[in-house]
>>> print(open('entry01.txt').read())   # compact mmCIF, C-alpha atoms
# COMPACT_ATOMS: atom_id res chain seq x y z
CA MET A 1 0.00 0.00 0.00
CA ASN A 2 2.98 2.29 -0.48
CA GLN A 3 1.65 3.58 -3.75
CA GLN A 4 -1.80 5.07 -4.18
CA ASN A 5 -3.25 6.33 -7.46
CA GLY A 6 0.14 5.94 -9.12
CA MET A 7 1.66 8.57 -6.80
CA GLN A 8 5.03 7.73 -5.28
CA LEU A 9 5.63 8.52 -1.64
CA PRO A 10 8.46 11.03 -1.18
CA LYS A 11 11.94 9.63 -0.53
CA LEU A 12 13.85 10.55 2.60
CA PRO A 13 16.43 13.14 1.46
CA ASP A 14 20.05 11.89 1.22
CA ALA A 15 21.27 14.27 3.91
CA ASP A 16 18.61 13.04 6.36
CA TRP A 17 19.50 9.41 5.69
CA ALA A 18 23.18 10.07 6.31
CA TYR A 19 22.37 12.15 9.38
CA THR A 20 20.39 9.33 11.04
CA VAL A 21 23.49 7.12 10.80
CA LEU A 22 25.81 9.94 11.91
CA SER A 23 23.75 10.71 15.02
CA ASP A 24 23.55 7.02 15.94
CA LEU A 25 27.32 6.75 15.59
CA LYS A 26 27.71 9.74 17.91
CA ARG A 27 25.47 8.04 20.48
CA VAL A 28 27.31 4.71 20.15
CA VAL A 29 30.71 6.42 20.71
CA ARG A 30 29.38 7.81 24.01
CA GLU A 31 27.91 4.47 25.03
CA TYR A 32 31.15 2.61 24.35
CA ALA A 33 33.16 5.18 26.29
CA THR A 34 30.75 4.84 29.23
CA ALA A 35 30.92 1.04 29.01
CA ALA A 36 34.75 1.20 29.10
CA THR A 37 34.73 3.32 32.27
CA GLU A 38 32.21 0.96 33.91
CA SER A 39 34.09 -2.25 33.08
CA THR A 40 35.95 -4.22 35.73
CA CYS A 41 37.52 -6.95 33.56
CA PRO A 42 40.65 -5.63 31.81
CA ASP A 43 39.86 -7.49 28.59
CA VAL A 44 36.29 -6.13 28.51
CA ARG A 45 37.59 -2.62 29.14
CA LYS A 46 40.06 -3.02 26.29
CA MET A 47 37.33 -4.31 23.98
CA PHE A 48 35.10 -1.31 24.76
CA THR A 49 38.06 1.08 24.31
CA ASP A 50 38.81 -0.43 20.89
CA LEU A 51 35.12 -0.25 19.94
CA THR A 52 35.03 3.42 21.04
CA ASN A 53 37.95 4.13 18.68
CA SER A 54 36.41 2.15 15.81
CA SER A 55 33.08 4.01 16.12
CA LEU A 56 34.82 7.37 16.51
CA GLN A 57 36.75 6.67 13.30
CA MET A 58 33.56 5.80 11.40
CA GLN A 59 31.76 8.87 12.74
CA GLY A 60 34.65 11.09 11.58
CA ASP A 61 34.80 9.44 8.15
CA LEU A 62 31.05 9.84 7.65
CA TYR A 63 31.16 13.45 8.78
CA ASN A 64 33.92 14.19 6.25
CA ALA A 65 32.06 12.41 3.44
CA MET A 66 28.88 14.34 4.26
CA GLN A 67 30.78 17.61 4.28
CA SER A 68 32.33 16.83 0.86
CA ALA A 69 28.82 16.08 -0.48
CA ASN A 70 27.54 19.38 0.93
CA MET A 71 25.19 17.56 3.28
CA TYR A 72 26.43 19.28 6.37
CA ASP A 73 26.47 22.95 7.28
CA THR A 74 29.48 23.82 9.35
CA SER A 75 28.73 26.37 12.04
CA SER A 76 30.06 29.89 11.49
CA PRO A 77 33.43 30.79 13.07
CA VAL A 78 33.35 32.34 16.53
CA LEU A 79 34.46 35.95 16.94
CA ARG A 80 37.99 36.64 18.15
CA GLN A 81 36.75 38.60 21.19
CA GLU A 82 34.75 35.56 22.34
CA ILE A 83 37.97 33.52 22.42
CA GLN A 84 39.80 36.37 24.17
CA LYS A 85 37.10 36.46 26.86
CA GLN A 86 37.57 32.75 27.59
CA ILE A 87 41.37 33.11 27.61
CA GLN A 88 41.03 35.89 30.19
CA THR A 89 38.67 33.89 32.40
CA TYR A 90 40.76 30.74 32.30
CA THR A 91 44.09 32.51 32.77
CA GLN A 92 42.65 33.83 36.02
CA THR A 93 41.33 30.38 36.99
CA GLN A 94 44.74 28.86 36.26
CA GLN A 95 46.53 31.42 38.47
CA GLN A 96 44.10 30.90 41.34
CA THR A 97 44.41 27.13 41.09
CA GLN A 98 48.22 27.28 40.99
CA GLN A 99 48.12 29.43 44.12
CA PHE A 100 45.71 27.02 45.81
CA ILE A 101 47.82 23.98 44.95
CA GLY A 102 51.01 25.76 45.97
CA GLN A 103 49.56 26.59 49.40
CA ARG A 104 48.06 23.14 49.82
CA LEU A 105 51.32 21.35 49.06
CA SER A 106 53.81 23.71 50.72
CA GLY A 107 53.21 22.20 54.16
CA LEU A 108 51.06 24.99 55.60
CA ASN A 109 49.40 22.28 57.65
CA PRO A 110 52.23 19.85 58.50
CA THR A 111 50.12 17.74 60.89
CA GLN A 112 47.94 16.68 58.00
CA PRO A 113 50.16 16.35 54.97
CA PHE A 114 48.69 15.84 51.55
CA MET A 115 47.76 12.19 50.86
CA ALA A 116 48.71 11.13 54.38
CA GLN A 117 46.59 8.02 54.43
CA PRO A 118 48.68 5.01 55.49
CA MET A 119 49.46 2.55 52.76
CA GLY A 120 47.73 -0.78 52.69
CA GLN A 121 45.29 0.16 55.42
CA GLN A 122 41.66 0.05 54.46
CA GLN A 123 39.31 2.61 55.94
CA SER A 124 36.27 0.97 57.44
CA ASP A 125 34.02 3.83 56.36
CA ALA A 126 35.27 3.63 52.77
CA PRO A 127 32.31 3.40 50.44
CA LEU A 128 31.91 0.42 48.15
CA TYR A 129 31.34 1.20 44.51
CA ASN A 130 30.03 -1.13 41.92
CA MET B 1 43.95 -14.05 32.53
CA LEU B 2 40.24 -13.69 31.92
CA GLN B 3 37.97 -12.80 34.81
CA PRO B 4 34.25 -13.49 35.07
CA ILE B 5 32.18 -10.53 33.87
CA SER B 6 29.68 -8.65 36.03
CA GLY B 7 25.97 -8.24 35.32
CA LYS B 8 26.64 -4.62 34.37
CA GLU B 9 29.24 -5.63 31.79
CA LEU B 10 26.83 -8.20 30.34
CA GLU B 11 24.16 -5.49 29.97
CA TYR B 12 26.61 -3.17 28.20
CA ILE B 13 27.70 -5.95 25.84
CA ALA B 14 24.09 -6.92 25.03
CA ASP B 15 23.03 -3.27 24.51
CA SER B 16 26.06 -2.75 22.26
CA MET B 17 25.09 -5.77 20.17
CA SER B 18 21.61 -4.26 19.64
CA ASN B 19 23.27 -1.00 18.58
CA GLU B 20 25.65 -2.71 16.14
CA ASP B 21 22.83 -4.82 14.71
CA LEU B 22 20.67 -1.75 14.09
CA LEU B 23 23.61 0.19 12.60
CA MET B 24 24.37 -2.65 10.19
CA LYS B 25 20.80 -2.58 8.83
CA GLN B 26 20.64 1.21 8.91
CA CYS B 27 23.90 1.55 6.94
CA ALA B 28 22.72 -1.05 4.38
CA CYS B 29 19.44 0.86 3.82
CA ALA B 30 21.17 4.24 3.73
CA ALA B 31 23.87 2.98 1.33
CA THR B 32 21.25 1.80 -1.18
CA SER B 33 19.03 4.90 -0.80
CA ILE B 34 21.65 7.64 -1.06
CA SER B 35 22.61 8.76 -4.57
CA ASP B 36 25.93 10.45 -3.64
CA ALA B 37 28.58 7.85 -4.58
CA GLY B 38 31.12 8.82 -1.91
CA VAL B 39 28.72 8.68 1.02
CA SER B 40 27.01 5.56 -0.33
CA GLN B 41 30.30 3.69 -0.70
CA LEU B 42 31.42 4.65 2.78
CA LEU B 43 28.13 3.45 4.25
CA SER B 44 28.44 0.06 2.57
CA GLN B 45 31.97 -0.32 3.99
CA MET B 46 30.53 0.53 7.39
CA VAL B 47 28.12 -2.42 7.15
CA THR B 48 31.21 -4.67 7.27
CA THR B 49 32.80 -2.83 10.19
CA HIS B 50 29.60 -2.98 12.25
CA GLY B 51 29.40 -6.70 11.46
CA GLN B 52 32.98 -7.13 12.77
CA ASN B 53 32.12 -5.17 15.91
CA TYR B 54 29.12 -7.43 16.44
CA SER B 55 31.38 -10.50 16.17
CA THR B 56 33.87 -9.00 18.64
CA LEU B 57 31.06 -8.60 21.19
CA MET B 58 29.74 -12.11 20.49
CA ASN B 59 33.27 -13.55 20.97
CA ALA B 60 33.53 -11.79 24.33
CA LEU B 61 30.29 -13.43 25.43
CA ASN B 62 31.49 -16.85 24.27
CA GLN B 63 34.85 -16.48 26.02
CA HIS B 64 33.28 -15.42 29.30
CA GLN B 65 30.53 -18.02 29.25
CA SER B 66 32.76 -20.81 30.58
CA LEU B 67 34.13 -18.62 33.40
CA ALA B 68 30.73 -17.62 34.72
CA PRO B 69 29.49 -19.31 37.92
CA THR B 70 26.38 -21.46 37.60
CA SER B 71 24.92 -20.48 40.97
CA PRO B 72 24.78 -17.03 42.71
CA GLN B 73 27.96 -16.06 44.60
CA ASN B 74 27.57 -14.38 48.02
>>> encode(input="entry01.txt", output="structure tokens")
Amino acid sequence: MNQQNGMQLPKLPDADWAYTVLSDLKRVVREYATAATESTCPDVRKMFTDLTNSSLQMQGDLYNAMQSANMYDTSSPVLRQEIQKQIQTYTQTQQQTQQFIGQRLSGLNPTQPFMAQPMGQQQSDAPLYN
Amino acid sequence: MLQPISGKELEYIADSMSNEDLLMKQCACAATSISDAGVSQLLSQMVTTHGQNYSTLMNALNQHQSLAPTSPQN
């Protein structure tokens, strides 16, 4: 019943077809990365890491092919002052953090040195993650 | 040395197999619907890669099957 009165139903445009695959690849990359971080077996973690890379590669290849076929609009370049604003903000953040770390590690509080937890001793109140 | 997998890992593997299965079919349909030769060719190559990914996941299940306990542990 796809055809009625000799009229053909419209085809899904090429760009939309390609985009459904592209967006699924983007989702799968995220899911593989999450699976890798949640894995406990080293071989399973490695498998998910390899699958993340394989999917990321395919997503990049498809994106490039779509761009060459004019199926994808690249977003317009950001203004220079927008970048400058971020540089300013994060230069300040970096300085404050360096100061914080410097004070934290310089032994301002020698009775409680950084990472002073005894080795090999398990804390009873340590939470269990799974 | 292989270790037994957790329930969470099994869920991720099974979900991933559903994803790869869907992508294989999706790429096959897209490859035959799209008229642009470059994109169409790439999509048909991707059918193979998704098939390989599916096999990788299936192999992982097969390898871990024998290590899995048959009754609940603790």
>>> interface_residues(input="entry01.txt", of="chain A", to="chain B", cutoff="12 Å", atoms="all atoms listed in the file", output="PyMOL selection string")
chain A and resi 11-48+50-55+57-71+130
>>> atom_distance(input="entry01.txt", atom1="CA of Gln73 in chain B", atom2="CA of Leu128 in chain A")
17.3 Å
>>> closest_residue(input="entry01.txt", among="B:Pro72, B:Leu67, B:Met17, B:Thr32", to="Gln52 in chain B", atoms="all atoms listed in the file")
B:Met17
>>> atom_distance(input="entry01.txt", atom1="CA of Ala28 in chain B", atom2="CA of Gly6 in chain A")
27.2 Å
>>> atom_distance(input="entry01.txt", atom1="CA of Val47 in chain B", atom2="CA of Leu56 in chain A")
15.1 Å
>>> decode(input="entry01.txt", residues="range 7-42 of chain B", atoms="N, CA, C and O atoms", output="compact mmCIF listing (two decimals), in the first residue's frame")
# COMPACT_ATOMS: atom_id res chain seq x y z
N GLY B 7 27.28 -8.43 35.95
CA GLY B 7 25.97 -8.24 35.32
C GLY B 7 25.92 -6.96 34.50
O GLY B 7 25.33 -6.90 33.42
N LYS B 8 26.59 -5.92 35.05
CA LYS B 8 26.64 -4.62 34.37
C LYS B 8 27.35 -4.74 33.03
O LYS B 8 26.89 -4.20 32.02
N GLU B 9 28.49 -5.45 33.03
CA GLU B 9 29.24 -5.63 31.79
C GLU B 9 28.42 -6.41 30.76
O GLU B 9 28.44 -6.07 29.58
N LEU B 10 27.69 -7.42 31.24
CA LEU B 10 26.83 -8.20 30.34
C LEU B 10 25.77 -7.31 29.69
O LEU B 10 25.53 -7.40 28.48
N GLU B 11 25.18 -6.41 30.50
CA GLU B 11 24.16 -5.49 29.97
C GLU B 11 24.76 -4.57 28.91
O GLU B 11 24.15 -4.33 27.87
N TYR B 12 25.95 -4.04 29.18
CA TYR B 12 26.61 -3.17 28.20
C TYR B 12 26.91 -3.92 26.91
O TYR B 12 26.74 -3.38 25.81
N ILE B 13 27.38 -5.16 27.04
CA ILE B 13 27.70 -5.95 25.84
C ILE B 13 26.43 -6.21 25.04
O ILE B 13 26.40 -6.01 23.82
N ALA B 14 25.35 -6.62 25.73
CA ALA B 14 24.09 -6.92 25.03
C ALA B 14 23.51 -5.66 24.37
O ALA B 14 23.11 -5.71 23.20
N ASP B 15 23.52 -4.53 25.09
CA ASP B 15 23.03 -3.27 24.51
C ASP B 15 23.85 -2.89 23.28
O ASP B 15 23.32 -2.42 22.27
N SER B 16 25.17 -3.09 23.37
CA SER B 16 26.06 -2.75 22.26
C SER B 16 25.77 -3.62 21.05
O SER B 16 25.85 -3.15 19.91
N MET B 17 25.42 -4.88 21.30
CA MET B 17 25.09 -5.77 20.17
C MET B 17 23.81 -5.30 19.48
O MET B 17 23.73 -5.34 18.25
N SER B 18 22.83 -4.83 20.25
CA SER B 18 21.61 -4.26 19.64
C SER B 18 21.97 -3.05 18.79
O SER B 18 21.46 -2.89 17.68
N ASN B 19 22.85 -2.20 19.32
CA ASN B 19 23.27 -1.00 18.58
C ASN B 19 23.95 -1.37 17.27
O ASN B 19 23.65 -0.79 16.22
N GLU B 20 24.91 -2.32 17.35
CA GLU B 20 25.65 -2.71 16.14
C GLU B 20 24.73 -3.36 15.11
O GLU B 20 24.86 -3.13 13.91
N ASP B 21 23.78 -4.16 15.60
CA ASP B 21 22.83 -4.82 14.71
C ASP B 21 21.98 -3.79 13.96
O ASP B 21 21.82 -3.85 12.74
N LEU B 22 21.49 -2.80 14.71
CA LEU B 22 20.67 -1.75 14.09
C LEU B 22 21.50 -0.93 13.09
O LEU B 22 21.05 -0.65 11.98
N LEU B 23 22.74 -0.60 13.47
CA LEU B 23 23.61 0.19 12.60
C LEU B 23 23.92 -0.54 11.29
O LEU B 23 23.99 0.08 10.23
N MET B 24 24.11 -1.86 11.39
CA MET B 24 24.37 -2.65 10.19
C MET B 24 23.22 -2.50 9.19
O MET B 24 23.43 -2.22 8.02
N LYS B 25 21.98 -2.67 9.69
CA LYS B 25 20.80 -2.58 8.83
C LYS B 25 20.58 -1.15 8.33
O LYS B 25 20.25 -0.93 7.15
N GLN B 26 20.81 -0.20 9.25
CA GLN B 26 20.64 1.21 8.91
C GLN B 26 21.62 1.62 7.80
O GLN B 26 21.24 2.31 6.85
N CYS B 27 22.88 1.20 7.94
CA CYS B 27 23.90 1.55 6.94
C CYS B 27 23.57 0.89 5.60
O CYS B 27 23.77 1.51 4.54
N ALA B 28 23.07 -0.36 5.63
CA ALA B 28 22.72 -1.05 4.38
C ALA B 28 21.59 -0.31 3.66
O ALA B 28 21.65 -0.11 2.44
N CYS B 29 20.56 0.11 4.42
CA CYS B 29 19.44 0.86 3.82
C CYS B 29 19.90 2.21 3.31
O CYS B 29 19.54 2.62 2.20
N ALA B 30 20.71 2.91 4.13
CA ALA B 30 21.17 4.24 3.73
C ALA B 30 22.05 4.15 2.49
O ALA B 30 21.92 4.94 1.56
N ALA B 31 22.95 3.14 2.45
CA ALA B 31 23.87 2.98 1.33
C ALA B 31 23.12 2.80 0.01
O ALA B 31 23.55 3.29 -1.03
N THR B 32 22.01 2.07 0.05
CA THR B 32 21.25 1.80 -1.18
C THR B 32 20.23 2.89 -1.49
O THR B 32 19.64 2.89 -2.57
N SER B 33 19.99 3.82 -0.56
CA SER B 33 19.03 4.90 -0.80
C SER B 33 19.70 6.19 -1.24
O SER B 33 19.10 7.01 -1.94
N ILE B 34 20.94 6.38 -0.80
CA ILE B 34 21.65 7.64 -1.06
C ILE B 34 22.27 7.64 -2.45
O ILE B 34 22.92 6.66 -2.85
N SER B 35 22.08 8.73 -3.20
CA SER B 35 22.61 8.76 -4.57
C SER B 35 24.06 9.23 -4.64
O SER B 35 24.77 8.90 -5.58
N ASP B 36 24.53 9.98 -3.62
CA ASP B 36 25.93 10.45 -3.64
C ASP B 36 26.86 9.23 -3.50
O ASP B 36 26.79 8.47 -2.52
N ALA B 37 27.74 9.06 -4.51
CA ALA B 37 28.58 7.85 -4.58
C ALA B 37 29.53 7.73 -3.39
O ALA B 37 29.70 6.64 -2.85
N GLY B 38 30.14 8.84 -3.00
CA GLY B 38 31.12 8.82 -1.91
C GLY B 38 30.51 8.37 -0.60
O GLY B 38 31.02 7.46 0.07
N VAL B 39 29.39 9.00 -0.24
CA VAL B 39 28.72 8.68 1.02
C VAL B 39 28.17 7.26 0.97
O VAL B 39 28.30 6.49 1.93
N SER B 40 27.59 6.89 -0.18
CA SER B 40 27.01 5.56 -0.33
C SER B 40 28.06 4.46 -0.18
O SER B 40 27.83 3.46 0.50
N GLN B 41 29.23 4.68 -0.78
CA GLN B 41 30.30 3.69 -0.70
C GLN B 41 30.81 3.53 0.73
O GLN B 41 31.03 2.43 1.22
N LEU B 42 30.95 4.67 1.39
CA LEU B 42 31.42 4.65 2.78
C LEU B 42 30.44 3.88 3.66
O LEU B 42 30.84 3.06 4.50
